[in-house]
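*Asks:* I'm passing along input_13.cif; it holds mmCIF, C-alpha atoms; chains and numbers go by the auth columns.
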```cif
data_protein
#
loop_
_atom_site.group_PDB
_atom_site.id
_atom_site.type_symbol
_atom_site.label_atom_id
_atom_site.label_comp_id
_atom_site.label_asym_id
_atom_site.label_seq_id
_atom_site.Cartn_x
_atom_site.Cartn_y
_atom_site.Cartn_z
_atom_site.B_iso_or_equiv
_atom_site.auth_seq_id
_atom_site.auth_asym_id
ATOM 1 C CA ASN A 1 91.152 52.138 30.639 0.00 1 N
ATOM 2 C CA VAL A 2 93.642 51.835 33.488 0.00 2 N
ATOM 3 C CA GLN A 3 96.346 50.201 31.381 0.00 3 N
ATOM 4 C CA THR A 4 96.162 52.973 28.763 0.00 4 N
ATOM 5 C CA ARG A 5 96.419 55.664 31.422 0.00 5 N
ATOM 6 C CA LEU A 6 99.372 53.973 33.092 0.00 6 N
ATOM 7 C CA ARG A 7 101.101 53.550 29.727 0.00 7 N
ATOM 8 C CA LYS A 8 100.710 57.279 29.020 0.00 8 N
ATOM 9 C CA LEU A 9 102.150 58.018 32.463 0.00 9 N
ATOM 10 C CA ASP A 10 105.114 55.724 31.769 0.00 10 N
ATOM 11 C CA GLU A 11 105.652 57.423 28.393 0.00 11 N
ATOM 12 C CA GLY A 12 105.902 60.798 30.119 0.00 12 N
ATOM 13 C CA ARG A 13 102.665 62.104 28.622 0.00 13 N
ATOM 14 C CA TYR A 14 101.408 62.816 32.166 0.00 14 N
ATOM 15 C CA ALA A 15 103.332 64.256 35.100 0.00 15 N
ATOM 16 C CA ALA A 16 101.010 62.390 37.464 0.00 16 N
ATOM 17 C CA ILE A 17 97.750 60.497 37.434 0.00 17 N
ATOM 18 C CA ILE A 18 95.046 59.920 40.008 0.00 18 N
ATOM 19 C CA LEU A 19 93.356 56.529 39.981 0.00 19 N
ATOM 20 C CA PRO A 20 91.326 54.652 42.594 0.00 20 N
ATOM 21 C CA ALA A 21 93.619 52.595 44.815 0.00 21 N
ATOM 22 C CA SER A 22 90.948 49.921 45.123 0.00 22 N
ATOM 23 C CA GLY A 23 90.915 49.428 41.352 0.00 23 N
ATOM 24 C CA LEU A 24 94.700 49.174 41.140 0.00 24 N
ATOM 25 C CA LYS A 25 94.708 46.624 43.970 0.00 25 N
ATOM 26 C CA ARG A 26 91.964 44.620 42.295 0.00 26 N
ATOM 27 C CA LEU A 27 94.052 44.513 39.112 0.00 27 N
ATOM 28 C CA GLY A 28 97.154 43.408 41.039 0.00 28 N
ATOM 29 C CA LEU A 29 98.871 46.750 40.420 0.00 29 N
ATOM 30 C CA GLU A 30 99.275 47.934 44.013 0.00 30 N
ATOM 31 C CA GLU A 31 102.999 48.509 43.437 0.00 31 N
ATOM 32 C CA ARG A 32 101.992 51.405 41.157 0.00 32 N
ATOM 33 C CA ILE A 33 100.388 53.277 44.077 0.00 33 N
ATOM 34 C CA ARG A 34 102.700 56.067 45.224 0.00 34 N
ATOM 35 C CA TYR A 35 100.358 58.004 47.502 0.00 35 N
ATOM 36 C CA VAL A 36 96.830 57.606 48.808 0.00 36 N
ATOM 37 C CA ILE A 37 94.922 60.881 48.988 0.00 37 N
ATOM 38 C CA SER A 38 93.025 61.015 52.268 0.00 38 N
ATOM 39 C CA SER A 39 89.597 62.560 52.659 0.00 39 N
ATOM 40 C CA ASP A 40 91.317 65.183 54.842 0.00 40 N
ATOM 41 C CA ASP A 41 93.223 66.332 51.741 0.00 41 N
ATOM 42 C CA SER A 42 90.428 66.053 49.183 0.00 42 N
ATOM 43 C CA LEU A 43 86.758 65.275 49.662 0.00 43 N
ATOM 44 C CA PRO A 44 85.386 62.898 47.039 0.00 44 N
ATOM 45 C CA ALA A 45 82.226 63.299 45.036 0.00 45 N
ATOM 46 C CA VAL A 46 79.096 62.153 46.843 0.00 46 N
ATOM 47 C CA GLY A 47 78.638 58.376 46.986 0.00 47 N
ATOM 48 C CA GLN A 48 82.087 57.477 45.678 0.00 48 N
ATOM 49 C CA GLY A 49 82.953 53.846 46.235 0.00 49 N
ATOM 50 C CA ALA A 50 79.474 52.777 47.275 0.00 50 N
ATOM 51 C CA LEU A 51 77.587 50.215 45.228 0.00 51 N
ATOM 52 C CA GLY A 52 73.841 49.967 44.938 0.00 52 N
ATOM 53 C CA ILE A 53 71.856 46.955 43.847 0.00 53 N
ATOM 54 C CA GLU A 54 68.189 47.195 42.933 0.00 54 N
ATOM 55 C CA CYS A 55 65.622 44.502 42.470 0.00 55 N
ATOM 56 C CA ARG A 56 61.866 44.332 42.314 0.00 56 N
ATOM 57 C CA SER A 57 60.327 44.274 45.795 0.00 57 N
ATOM 58 C CA GLU A 58 58.001 41.409 44.860 0.00 58 N
ATOM 59 C CA ARG A 59 61.034 39.181 44.185 0.00 59 N
ATOM 60 C CA ALA A 60 61.339 37.925 47.761 0.00 60 N
ATOM 61 C CA ASP A 61 63.922 35.381 46.614 0.00 61 N
ATOM 62 C CA LEU A 62 66.225 38.128 45.319 0.00 62 N
ATOM 63 C CA VAL A 63 65.605 40.379 48.318 0.00 63 N
ATOM 64 C CA ALA A 64 66.642 37.489 50.590 0.00 64 N
ATOM 65 C CA ALA A 65 69.665 36.603 48.442 0.00 65 N
ATOM 66 C CA LEU A 66 70.889 40.214 48.437 0.00 66 N
ATOM 67 C CA ALA A 67 70.243 40.889 52.132 0.00 67 N
ATOM 68 C CA PRO A 68 73.739 39.800 53.279 0.00 68 N
ATOM 69 C CA LEU A 69 75.257 42.463 50.998 0.00 69 N
ATOM 70 C CA TYR A 70 73.457 45.290 52.807 0.00 70 N
ATOM 71 C CA HIS A 71 75.811 47.250 55.071 0.00 71 N
ATOM 72 C CA ALA A 72 73.904 49.579 57.397 0.00 72 N
ATOM 73 C CA ASP A 73 76.860 51.874 58.175 0.00 73 N
ATOM 74 C CA THR A 74 77.652 52.409 54.488 0.00 74 N
ATOM 75 C CA ALA A 75 73.964 52.985 53.743 0.00 75 N
ATOM 76 C CA ALA A 76 73.808 55.669 56.457 0.00 76 N
ATOM 77 C CA CYS A 77 76.880 57.418 55.033 0.00 77 N
ATOM 78 C CA VAL A 78 75.508 57.381 51.490 0.00 78 N
ATOM 79 C CA LEU A 79 72.102 58.634 52.673 0.00 79 N
ATOM 80 C CA ALA A 80 73.790 61.598 54.377 0.00 80 N
ATOM 81 C CA GLU A 81 75.899 62.386 51.317 0.00 81 N
ATOM 82 C CA ARG A 82 72.982 62.114 48.905 0.00 82 N
ATOM 83 C CA ALA A 83 70.790 64.320 51.111 0.00 83 N
ATOM 84 C CA MET A 84 73.457 67.018 50.973 0.00 84 N
ATOM 85 C CA SER A 85 73.734 66.757 47.192 0.00 85 N
ATOM 86 C CA ARG A 86 69.960 66.653 46.708 0.00 86 N
ATOM 87 C CA THR A 87 69.473 69.758 48.863 0.00 87 N
ATOM 88 C CA LEU A 88 72.118 71.584 46.826 0.00 88 N
ATOM 89 C CA GLN A 89 70.651 70.187 43.584 0.00 89 N
ATOM 90 C CA GLY A 90 74.020 68.689 42.755 0.00 90 N
ATOM 91 C CA SER A 91 74.942 67.126 39.445 0.00 91 N
ATOM 92 C CA CYS A 92 78.085 66.106 37.621 0.00 92 N
ATOM 93 C CA GLN A 93 78.549 69.731 36.568 0.00 93 N
ATOM 94 C CA VAL A 94 78.365 71.155 40.103 0.00 94 N
ATOM 95 C CA PRO A 95 81.710 71.448 41.911 0.00 95 N
ATOM 96 C CA LEU A 96 80.758 69.922 45.228 0.00 96 N
ATOM 97 C CA GLY A 97 81.986 67.100 47.377 0.00 97 N
ATOM 98 C CA GLY A 98 80.678 65.281 50.371 0.00 98 N
ATOM 99 C CA PHE A 99 81.954 62.565 52.640 0.00 99 N
ATOM 100 C CA ALA A 100 80.275 60.945 55.618 0.00 100 N
ATOM 101 C CA GLU A 101 82.030 58.512 57.921 0.00 101 N
ATOM 102 C CA LEU A 102 81.100 56.537 60.972 0.00 102 N
ATOM 103 C CA LEU A 103 82.565 57.666 64.282 0.00 103 N
ATOM 104 C CA ASP A 104 82.612 55.818 67.579 0.00 104 N
ATOM 105 C CA GLY A 105 79.435 55.960 69.596 0.00 105 N
ATOM 106 C CA GLY A 106 76.912 55.705 66.770 0.00 106 N
ATOM 107 C CA LYS A 107 77.752 59.098 65.286 0.00 107 N
ATOM 108 C CA LEU A 108 78.350 60.201 61.708 0.00 108 N
ATOM 109 C CA ARG A 109 80.714 62.966 60.679 0.00 109 N
ATOM 110 C CA MET A 110 79.684 64.675 57.446 0.00 110 N
ATOM 111 C CA ARG A 111 81.934 67.071 55.578 0.00 111 N
ATOM 112 C CA GLY A 112 80.938 68.924 52.462 0.00 112 N
ATOM 113 C CA PHE A 113 82.060 71.692 50.154 0.00 113 N
ATOM 114 C CA VAL A 114 80.880 73.820 47.265 0.00 114 N
ATOM 115 C CA ALA A 115 83.377 75.695 45.096 0.00 115 N
ATOM 116 C CA THR A 116 83.520 77.924 42.089 0.00 116 N
ATOM 117 C CA PRO A 117 84.790 76.063 39.010 0.00 117 N
ATOM 118 C CA ASP A 118 88.123 77.908 39.154 0.00 118 N
ATOM 119 C CA GLY A 119 88.513 77.229 42.884 0.00 119 N
ATOM 120 C CA SER A 120 88.681 80.916 43.778 0.00 120 N
ATOM 121 C CA ARG A 121 85.897 80.469 46.316 0.00 121 N
ATOM 122 C CA LEU A 122 85.536 77.386 48.490 0.00 122 N
ATOM 123 C CA LEU A 123 82.837 76.923 51.107 0.00 123 N
ATOM 124 C CA ARG A 124 83.101 74.138 53.682 0.00 124 N
ATOM 125 C CA SER A 125 80.890 72.621 56.319 0.00 125 N
ATOM 126 C CA GLU A 126 81.402 69.859 58.854 0.00 126 N
ATOM 127 C CA GLN A 127 78.832 68.496 61.267 0.00 127 N
ATOM 128 C CA VAL A 128 78.332 65.459 63.450 0.00 128 N
ATOM 129 C CA GLY A 129 74.993 63.737 63.937 0.00 129 N
ATOM 130 C CA GLY A 130 73.414 60.456 64.852 0.00 130 N
ATOM 131 C CA VAL A 131 73.710 57.453 62.583 0.00 131 N
ATOM 132 C CA ASP A 132 69.951 57.092 63.029 0.00 132 N
ATOM 133 C CA ALA A 133 69.266 60.372 61.161 0.00 133 N
ATOM 134 C CA PRO A 134 71.749 60.507 58.273 0.00 134 N
ATOM 135 C CA GLU A 135 69.543 62.476 55.895 0.00 135 N
ATOM 136 C CA ALA A 136 69.005 65.196 58.499 0.00 136 N
ATOM 137 C CA LEU A 137 72.779 65.451 58.874 0.00 137 N
ATOM 138 C CA GLY A 138 73.360 65.772 55.132 0.00 138 N
ATOM 139 C CA THR A 139 70.616 68.368 54.846 0.00 139 N
ATOM 140 C CA ALA A 140 72.113 70.352 57.744 0.00 140 N
ATOM 141 C CA VAL A 141 75.517 70.409 56.027 0.00 141 N
ATOM 142 C CA ALA A 142 73.870 71.646 52.821 0.00 142 N
ATOM 143 C CA GLN A 143 71.909 74.299 54.696 0.00 143 N
ATOM 144 C CA GLU A 144 75.107 75.575 56.312 0.00 144 N
ATOM 145 C CA LEU A 145 76.758 75.767 52.886 0.00 145 N
ATOM 146 C CA LEU A 146 73.763 77.668 51.536 0.00 146 N
ATOM 147 C CA ALA A 147 73.992 80.079 54.487 0.00 147 N
ATOM 148 C CA GLN A 148 77.635 80.704 53.527 0.00 148 N
ATOM 149 C CA GLY A 149 76.668 81.615 49.950 0.00 149 N
ATOM 150 C CA ALA A 150 76.590 78.313 48.062 0.00 150 N
ATOM 151 C CA GLY A 151 73.323 79.373 46.426 0.00 151 N
ATOM 152 C CA GLU A 152 75.077 82.206 44.564 0.00 152 N
ATOM 153 C CA ILE A 153 77.803 79.874 43.334 0.00 153 N
ATOM 154 C CA LEU A 154 75.291 77.299 42.171 0.00 154 N
ATOM 155 C CA ALA A 155 73.035 79.925 40.540 0.00 155 N
ATOM 156 C CA ALA A 156 76.005 81.283 38.568 0.00 156 N
ATOM 157 C CA LEU A 157 76.659 77.811 37.179 0.00 157 N
ATOM 158 C CA ALA A 158 73.126 77.604 35.813 0.00 158 N
ATOM 159 C CA LEU A 159 73.627 80.640 33.574 0.00 159 N
#
```
Please express what this file holds, its structure, as structure tokens.

*Replies:*
Amino acid sequence: NVQTRLRKLDEGRYAAIILPASGLKRLGLEERIRYVISSDDSLPAVGQGALGIECRSERADLVAALAPLYHADTAACVLAERAMSRTLQGSCQVPLGGFAELLDGGKLRMRGFVATPDGSRLLRSEQVGGVDAPEALGTAVAQELLAQGAGEILAALAL
């Protein structure tokens, strides 16, 4: 609950709090935003901020009604991010992040990381690829992380 968290911050129970700026804006609380953390400072978890809507393929009426909501650039970014996570067998317990963004010229930039839970070891990868092959880009980022030793970090988490 955003209001509860903000109240605890105001009461001094927290020194700081990190909340999504989009949620604060939606609630009319943009004046509470003190700093926006950029993806250059902290990569988010894979797929953050993207929404997915599913419907049965035989419901042509729903497919048509939902079609205007499809955003090809966002879909390409999420496909790249999910391919990275899938290759690394990511889950909510795995300390990894990934962020793909559209560049000029039909290119995607994908950045990813894998870390030990205590942050003592942090592996990073960044690659650029075509928007037409987002999953290949995400897989390539994951493969580079594995080549750096991400497999050992991830295997240690499974113990």

*Asks:* Suppose a student applies the PyMOL selection byres ((chain N and resi 133-142) around 10) to this structure; what residues should they get, written as a PyMOL selection string?

*Replies:* chain N and resi 75-89+98-100+107-114+124-132+143-148+150

*Asks:* Return the single residue from N:Ser22, N:Thr116, N:Gln48, N:Ser39 that is closest to Gln93 in chain N, with distances computed using only C-alpha atoms.

*Replies:*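 For Gln93 in chain N, the nearest of the candidates is N:Thr116.
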
*Asks:* For CA of Arg13 in chain N and CA of Ser38 in chain N, determine how far apart the two atoms are, in Å to one decimal place.

*Replies:*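 Computing it gives 25.6 Å between the two atoms.
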
*Asks:* Exactly which residues make up the result of the PyMOL selection byres ((chain N and resi 152-154) around 8) on this file, given as an NGL selection string?

*Replies:* :N and (94 or 114-116 or 149-151 or 155-158)

*Asks:* Step by step, gather every atom of range 146-156 of chain N that the file lists, find the box along x, y and z that holds them, add 8 Å on each side, and finally give centre and edge lengths in Å to one decimal, as JSON.

*Replies:*
```
{"center_x": 75.4, "center_y": 79.8, "center_z": 46.5, "size_x": 20.8, "size_y": 20.9, "size_z": 31.9}
```

*Asks:* Mind giving me the straight-line distance from CA of Arg34 in chain N to CA of Thr4 in chain N in Å, one decimal?

*Replies:*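 Separation between CA of Arg34 in chain N and CA of Thr4 in chain N: 18.0 Å.
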
*Asks:* Determine, counting all atoms listed in the file, which protein, DNA and RNA residues have an atom within 12 Å of an atom of Leu19 in chain N; residues of the same chain fewer than 5 positions away are not included. Present the result as number ranges by chain.

*Replies:* N: 1-3, 5-6, 9, 24-25, 29-30, 32-37

*Asks:* To one decimal place, how far is CA of Ala64 in chain N from CA of Leu102 in chain N in Å?

*Replies:* 26.1 Å

*Asks:* Find the residues near range 51-54 of chain N: any atom within 10 Å, counting only C-alpha atoms, skip ones fewer than 4 places away on the same chain, and give them as a compact mmCIF listing (two decimals) with C-alpha atoms, in the coordinates of the input.

*Replies:*
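Final output, saved to result04.txt:
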```txt
# COMPACT_ATOMS: atom_id res chain seq x y z
CA GLY N 47 78.64 58.38 46.99
CA LEU N 62 66.22 38.13 45.32
CA VAL N 63 65.60 40.38 48.32
CA LEU N 66 70.89 40.21 48.44
CA LEU N 69 75.26 42.46 51.00
CA TYR N 70 73.46 45.29 52.81
CA THR N 74 77.65 52.41 54.49
CA ALA N 75 73.96 52.98 53.74
CA VAL N 78 75.51 57.38 51.49
```
